[in-house]
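Below is one structure, written out as C-alpha cells; comments come after it.
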Amino acid sequence: MNSRFKWKPFKPKPGSCVAVAMSGGVDSTIAARRLIEQGHEVIAFHLALTTNPPALDQAQTASRLIGLNLEVLDLSLEFEKLIVNPFVRSYVLGETPSPCVACNPVIKFNLLWEEAKLKGADYLATGHYAQLVTIEESATPIMSRPFDRNKDQTYFLCRLSPETLSRAVFPLANTAKEEVKEEALSLGLTPRMESQDACFLFGKNYRDFLLARLAQSDITPGDFVDTEGRVLGRHRGLVHYTIGQRRSLGIPGPEPYYVLSLDSKNNRVVLGTKQHIFSKVALVRDLVWSFAPSETQFTAKVQIRSRHRPALAEVNLLLGNRAKVIFHEPQSAITPGQAAVFYDEDILLGGGWIEKPSKVSIYFS
C-alpha cells in the first residue's frame, strides 16, 4: 500500500464474535470461511431486501458448505423506504444516484449491525474488497485500498464513519479475486455472474424500472436547450437522460451533442459538444469523514464515480458540511447524485454527494 503514513493492518481481537452478511456469492462465503479458520465465532446473516428467492437459496447453500446456520433478516420495507424510493426520486430531480454507496452505511452497517449486536457480535464483516489499517500511534482503524486493485470497493464504502469502521472487518483485504474463486470451487460453490447494477434491478434496464414506478407527471417532456438557453428540440422527460449521455438524443448538429446538465426546475436538458462535458469544479455536500483532514484546504485524489480514475484536486472545505473541489485537470461528466470520494494516496479520507450547480456555467469553469 502506497501512503505517506506508517501503517499496520487492523485485525479483530482473537476469538471475537463476528457477524457476516452472506449474500450467497463467493466473496461473502469465503470471507466467512476465513473468519472461521482464524478462530472467530461466526454468525451468518442474509439480508432479505427484495423478493429474490434464488439469492436466499444460494445463501443457505453457501452457509451449509462452511458449517454455518443462516439467519434471515427481512429489511425489505426499510430498504424500499431508505434506498429504493430515494433512488427513484433522484432521477426526477435530475440526479444520477449511487444506491450502493447509500446502502452500506444505512442498511448493512447500521440496521444489520443493530441486529447482530443483539446476537452478541463484536464485529460485522462483509465480502467487500477493502482494507482496514491503523496509522502511527492511533488504534482507530481507517480504510485503505485492498491488495486486489481490480476489485477495489472502497468507493462504495466511503460513507462509513470512524465508529462504524471500528467494528468492521473485511477478510478479503489481502486476497485476489481469482484466489477467492478457486477456493469457492474447491467447496463446490460455483461463482455466479457478477452484476454491475443495483441489486434491486435484477439485470433490468434502470429506465424501465423507473418508468414502472413513476407517475406520468414525473416524466413530463420538455425542451432541449444549448448553453445559451436556445431551444434545440424536445426531450421525453428528465429520467431518460444522464450527464455525459450522447446516444438517443435525436438532435442533429455539426458535432454530436452531449447532456451537460438536467435542469429539473425548468424541466430542461442542457446540451453541448464534447469539450463542454469537461469541468474542473465539483461541489460536494453531506460529507462523511472516516479520516478527517486536519486543514480546511488540502490536496487529494478525488474519485467521482465507481469506474473513474481518481484525479488530483484542491479541496476547499465550506460551511454547511460542503466542499468545493477544483481538479488540476478537467474531468468528464461530473454528475450530481454520484459520490465524490477523497483519497490520500491509498488512504480513504471520506466522501460526499456531488450536488447540482446553481448555474450551468459551473461546467465550464
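Following the order of the C-alpha cells, first chain is A, next is B, and so on, with residues numbered from 1 inside each chain and ligands from 1 in the order they appear.
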- Message: Could you pull out the alpha helix (DSSP H) residues of segment 159-356 of chain A, going by DSSP on the backbone, and write them as a list in words?
- Response: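 The residues of segment 159-356 of chain A classed as alpha helix (DSSP H) are Pro162, Glu163, Thr164, Leu165, Lys177, Glu178, Glu179, Val180, Lys181, Glu182, Glu183, Ala184, Leu185, Ser186, Leu187, Tyr206, Arg207, Asp208, Phe209, Leu210, Leu211, Ala212 and Arg213 of chain A.
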- Query: What's the 9 Å shell around Lys301 of chain A, counting only C-alpha atoms, without same-chain residues fewer than 3 positions away, as number ranges by chain?
  - Reply: A: 310-314, 327, 341-345
- Message: Please list as a list of chain:residue names every residue within 9 Å of Asp218 of chain A, counting only C-alpha atoms and excluding residues in the same chain fewer than 2 positions away.
- Response: A:Val92, A:Leu214, A:Ala215, A:Gln216, A:Thr220, A:Gly237, A:Leu238, A:Val239
Within 9 Å of Ala62 of chain A using only C-alpha atoms, minus same-chain residues under 4 positions, as a CSV table (one decimal) with N, CA and C atoms, in the first residue's frame:
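Once written, part.csv looks like this:
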```
chain,number,residue,atom,x,y,z
A,22,MET,N,-24.1,-12.5,4.5
A,22,MET,CA,-24.0,-13.6,3.5
A,22,MET,C,-25.0,-13.4,2.3
A,23,SER,N,-24.5,-13.0,1.2
A,23,SER,CA,-25.3,-12.8,0.0
A,23,SER,C,-25.6,-14.1,-0.7
A,24,GLY,N,-24.7,-15.1,-0.5
A,24,GLY,CA,-24.7,-16.3,-1.3
A,24,GLY,C,-23.7,-16.4,-2.4
A,25,GLY,N,-23.0,-15.3,-2.6
A,25,GLY,CA,-21.9,-15.2,-3.5
A,25,GLY,C,-20.6,-15.7,-2.9
A,26,VAL,N,-19.6,-15.8,-3.8
A,26,VAL,CA,-18.3,-16.4,-3.4
A,26,VAL,C,-17.6,-15.5,-2.4
A,29,THR,N,-19.0,-15.7,1.2
A,29,THR,CA,-18.8,-17.1,1.7
A,29,THR,C,-17.4,-17.3,2.1
A,57,ASP,N,-31.7,-19.0,-1.5
A,57,ASP,CA,-31.3,-20.4,-1.7
A,57,ASP,C,-29.8,-20.5,-1.8
A,58,GLN,N,-29.2,-19.6,-2.5
A,58,GLN,CA,-27.7,-19.6,-2.7
A,58,GLN,C,-27.1,-19.3,-1.3
A,66,ILE,N,-20.0,-24.2,4.6
A,66,ILE,CA,-18.9,-23.9,5.6
A,66,ILE,C,-19.4,-24.1,7.0
A,67,GLY,N,-20.5,-24.8,7.2
A,67,GLY,CA,-20.9,-25.2,8.5
A,67,GLY,C,-21.6,-24.2,9.4
A,68,LEU,N,-22.3,-23.3,8.7
A,68,LEU,CA,-23.0,-22.2,9.5
A,68,LEU,C,-24.5,-22.3,9.3
A,187,LEU,N,-14.9,-25.8,-2.6
A,187,LEU,CA,-16.0,-26.1,-1.7
A,187,LEU,C,-17.2,-26.6,-2.5
A,189,LEU,N,-18.8,-24.6,-4.6
A,189,LEU,CA,-19.7,-23.4,-4.8
A,189,LEU,C,-19.2,-22.7,-6.2
```
- Query: Neighbours of Ser144 of chain A within 12 Å (only C-alpha atoms; same-chain residues fewer than 2 positions away dropped), as a ChimeraX atom specification?
  - Reply: /A:1-3,5,7-10,129-135,141-142,146-149,152-155,157-158,165,170,173-174,290-291,342-350
- Query: Between A:Ala340, A:His46, A:Ser98, A:Ser16, which one has atoms that come closest to Thr61 of chain A, using only C-alpha atoms?
  - Reply: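 Answer, going by the shortest atom-to-atom distance: A:His46.
Residue nearest Ala44 of chain A, chosen from A:Val20, A:Leu82, A:Leu65, A:Val72 and counting only C-alpha atoms: A:Val20.
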- Query: Looking at A:Thr227, A:Thr126, A:Gln297, A:Gln303, which one is nearest to Val18 of chain A, with distances taken over only C-alpha atoms?
  - Reply: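 Counting only C-alpha atoms, the residue closest to Val18 of chain A is A:Thr126.
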- Message: Give me the residues near Lys356 of chain A as a PyMOL selection string, where near means some atom within 12 Å (using only C-alpha atoms) and where sequence neighbours in that chain fewer than 4 positions away do not count.
- Response: chain A and resi 90+93-96+243+260-265+281-285+334-338+360-363
- Item | For Arg230 of chain A: contacts at 10 Å, only C-alpha atoms, fewer than 6 positions along chain excluded, given as a VMD selection string | chain A and resid 223 to 224 270
- Query: Which residue gives the smallest distance to Asp208 of chain A among A:Ala333, A:Ala21, A:Val88, A:Ile277, with only C-alpha atoms counted?
  - Reply: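 Going through A:Ala333, A:Ala21, A:Val88, A:Ile277 one by one, the smallest distance to Asp208 of chain A is for A:Val88.
In terms of minimum interatomic distance to Val259 of chain A, A:Gly272 ranks closest within A:Gly272, A:Gly120, A:Gly352, A:Pro105, counting only C-alpha atoms.
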- Query: What is the atom CA of Leu49 of chain A to atom CA of Ile107 of chain A distance in Å?
  - Reply: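 Taking atom CA of Leu49 of chain A and atom CA of Ile107 of chain A, their separation equals 9.4 Å.
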- Item | Backbone-only DSSP, strand (DSSP E) members of segment 266-332 of chain A, as number ranges by chain | A: 268-272, 278-289, 297-303, 311-318, 322-332
Using C-alpha atoms, can you write the selected residues to a file as a PDB file, in the first residue's frame?
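So the final result, stored in selection_20.pdb, reads:
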```pdb
ATOM      1  CA  ARG A 268     -34.823  21.341 -19.461  1.00  0.00           C
ATOM      2  CA  VAL A 269     -31.950  19.185 -20.677  1.00  0.00           C
ATOM      3  CA  VAL A 270     -28.886  21.299 -21.437  1.00  0.00           C
ATOM      4  CA  LEU A 271     -26.802  20.062 -24.363  1.00  0.00           C
ATOM      5  CA  GLY A 272     -23.313  20.908 -25.590  1.00  0.00           C
ATOM      6  CA  PHE A 278     -15.280  18.545 -19.144  1.00  0.00           C
ATOM      7  CA  SER A 279     -15.082  20.619 -15.971  1.00  0.00           C
ATOM      8  CA  LYS A 280     -12.564  21.367 -13.243  1.00  0.00           C
ATOM      9  CA  VAL A 281     -15.077  22.145 -10.473  1.00  0.00           C
ATOM     10  CA  ALA A 282     -17.368  19.985  -8.342  1.00  0.00           C
ATOM     11  CA  LEU A 283     -19.436  20.972  -5.335  1.00  0.00           C
ATOM     12  CA  VAL A 284     -19.882  18.234  -2.736  1.00  0.00           C
ATOM     13  CA  ARG A 285     -22.397  18.062   0.131  1.00  0.00           C
ATOM     14  CA  ASP A 286     -23.132  15.871   3.185  1.00  0.00           C
ATOM     15  CA  LEU A 287     -19.517  14.931   3.802  1.00  0.00           C
ATOM     16  CA  VAL A 288     -18.648  11.926   5.966  1.00  0.00           C
ATOM     17  CA  TRP A 289     -15.015  11.680   7.034  1.00  0.00           C
ATOM     18  CA  GLN A 297      -7.672  23.366   2.270  1.00  0.00           C
ATOM     19  CA  PHE A 298      -5.733  20.330   1.084  1.00  0.00           C
ATOM     20  CA  THR A 299      -4.750  18.308  -1.961  1.00  0.00           C
ATOM     21  CA  ALA A 300      -6.325  14.902  -2.513  1.00  0.00           C
ATOM     22  CA  LYS A 301      -7.114  12.390  -5.198  1.00  0.00           C
ATOM     23  CA  VAL A 302     -10.840  12.569  -5.867  1.00  0.00           C
ATOM     24  CA  GLN A 303     -12.905   9.820  -7.471  1.00  0.00           C
ATOM     25  CA  ALA A 311      -7.685  12.706 -10.113  1.00  0.00           C
ATOM     26  CA  LEU A 312      -5.649  15.240  -8.192  1.00  0.00           C
ATOM     27  CA  ALA A 313      -7.612  18.200  -6.917  1.00  0.00           C
ATOM     28  CA  GLU A 314      -7.541  21.052  -4.441  1.00  0.00           C
ATOM     29  CA  VAL A 315     -10.256  20.604  -1.847  1.00  0.00           C
ATOM     30  CA  ASN A 316     -11.703  23.606  -0.039  1.00  0.00           C
ATOM     31  CA  LEU A 317     -13.998  22.840   2.885  1.00  0.00           C
ATOM     32  CA  LEU A 318     -17.041  25.102   3.116  1.00  0.00           C
ATOM     33  CA  ARG A 322     -19.725  21.004   1.996  1.00  0.00           C
ATOM     34  CA  ALA A 323     -16.622  21.233  -0.142  1.00  0.00           C
ATOM     35  CA  LYS A 324     -15.515  22.816  -3.389  1.00  0.00           C
ATOM     36  CA  VAL A 325     -13.256  20.565  -5.428  1.00  0.00           C
ATOM     37  CA  ILE A 326     -11.007  22.099  -8.085  1.00  0.00           C
ATOM     38  CA  PHE A 327      -9.335  19.449 -10.227  1.00  0.00           C
ATOM     39  CA  HIS A 328      -5.856  20.001 -11.630  1.00  0.00           C
ATOM     40  CA  GLU A 329      -7.114  18.707 -14.982  1.00  0.00           C
ATOM     41  CA  PRO A 330     -10.691  18.894 -16.329  1.00  0.00           C
ATOM     42  CA  GLN A 331     -12.800  15.807 -15.672  1.00  0.00           C
ATOM     43  CA  SER A 332     -15.550  14.386 -17.842  1.00  0.00           C
TER      44      SER A 332
END
```
